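Inspection log for the structure reproduced underneath, given as structure tokens.
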Amino acid sequence: MDTRCFGFFFVSLSLTVVAIAYDPDTLQDLCVADRTSGIKVNGFTCKPESNITASDFFFAGIGKPAVVNNTVGSAVTGANVEKIAGLNTLGVSLARIDYAPGGLNPPHTHPRATEVIFVLEGELDVGFITTANKLFAKTVKKGEVFVFPRGLIHYQKNNDKEKPASVISAFNSQLPGTQSMAATLFTATPAVPDHVLTTTFQIGTKEIEKIKSKFAPKKG
């Protein structure tokens, strides 16, 4: 079986497993997201069934590698309820992550989901850190799987300095959310006070400002 085909077979199997979800259980067959509604609920309101089409359950965005053009060397393409309205209330989603040679998906968390990755191409160093500060790390290769428990800080790094890598991720949430540690602390609006950051990292204000400058939007 072709590895790419096997990857999608794996994802289907994974979604069956992770369907024991943290998102609320659905109480009807369908609740396709009405993203135009101004009503705020825990998720999205349902659009009328008369307006539902097969396209509400379709997305082609993870079939091809993304263009990676940032400083960390990775790009995430989500296939969640924001892209697939039919996922609303179903408690599952996918993503594709593409890594440039030597690229990193920096330390981050998903507050609403456990993540399972399947390596499509390449070799990655991956790991997560528990609340007891214990690191569980491993090298995973094409065709292999690794799990990141819900809410724990984790990362992936492409080992190869010459070739790209890619994975498919499965989540047990329609919208798992992502908080990147560095971006969250250094690009928050309003800004996290410098004295909080200097005390946290035990460095001076100049170093904090230098780090912030690295995350500032590039001027055209």
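Residue names in the structure tokens use chain letters A, B, ... in the order shown, residue numbers from 1 in each chain, and ligand numbers from 1 in the order shown.
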Write out as a PyMOL selection string the set of residues from range 13-176 of chain A that DSSP, computed on the backbone, places in strand (DSSP E or B). chain A and resi 33+41+43+46+74-79+93-99+104-109+115-121+123-129+135-141+145-148+153-158+165-171
From the list A:Val167, A:Val145, A:Leu124, A:Leu30, which residue is nearest Ala66 in chain A when using only C-alpha atoms?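 Nearest candidate to Ala66 in chain A out of A:Val167, A:Val145, A:Leu124, A:Leu30: A:Val167.
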For the atom pair CA of Thr130 in chain A and CA of Met181 in chain A, what is the interatomic distance in Å to one decimal place? 14.9 Å
Env of Asp29 in chain A: 12 Å cut, atoms = only C-alpha atoms, seq-sep filter 6 positions within chain, self excluded. Answer as a list of chain:residue names.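 Contacts, with the query itself left out: A:Cys46, A:Glu49, A:Gly86, A:Leu87, A:Asn88, A:Thr89, A:Leu90.
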N, CA and C atoms of the current selection, written as a PDB file, in the first residue's frame:
ATOM      1  N   CYS A  46     -26.147  26.075  14.194  1.00  0.00           N
ATOM      2  CA  CYS A  46     -26.407  25.230  13.025  1.00  0.00           C
ATOM      3  C   CYS A  46     -27.128  26.041  11.947  1.00  0.00           C
ATOM      4  N   GLU A  49     -31.060  22.984   7.646  1.00  0.00           N
ATOM      5  CA  GLU A  49     -30.729  21.776   6.881  1.00  0.00           C
ATOM      6  C   GLU A  49     -31.003  21.965   5.393  1.00  0.00           C
ATOM      7  N   GLY A  86     -19.053  21.198   8.212  1.00  0.00           N
ATOM      8  CA  GLY A  86     -19.723  19.974   8.639  1.00  0.00           C
ATOM      9  C   GLY A  86     -19.100  19.303   9.851  1.00  0.00           C
ATOM     10  N   LEU A  87     -17.907  19.740  10.267  1.00  0.00           N
ATOM     11  CA  LEU A  87     -17.281  19.174  11.470  1.00  0.00           C
ATOM     12  C   LEU A  87     -17.927  19.677  12.754  1.00  0.00           C
ATOM     13  N   ASN A  88     -18.738  20.722  12.661  1.00  0.00           N
ATOM     14  CA  ASN A  88     -19.344  21.301  13.855  1.00  0.00           C
ATOM     15  C   ASN A  88     -20.061  20.239  14.684  1.00  0.00           C
ATOM     16  N   THR A  89     -19.742  20.144  15.951  1.00  0.00           N
ATOM     17  CA  THR A  89     -20.270  19.213  16.972  1.00  0.00           C
ATOM     18  C   THR A  89     -19.737  17.787  16.845  1.00  0.00           C
ATOM     19  N   LEU A  90     -18.884  17.493  15.862  1.00  0.00           N
ATOM     20  CA  LEU A  90     -18.425  16.117  15.668  1.00  0.00           C
ATOM     21  C   LEU A  90     -17.183  15.775  16.474  1.00  0.00           C
TER      22      LEU A  90
END
Which residues come within 9 Å of Asp160 in chain A, counting only C-alpha atoms, excluding same-chain residues fewer than 2 positions away, as JSON, numbers by chain? {"A": [100, 101, 102, 103, 122, 123, 124, 158, 162, 163, 164, 165]}
Could you tell me, as a PyMOL selection string, which residues of range 4-186 of chain A DSSP assigns to alpha helix (DSSP H) when given the backbone? chain A and resi 4-18+181-186
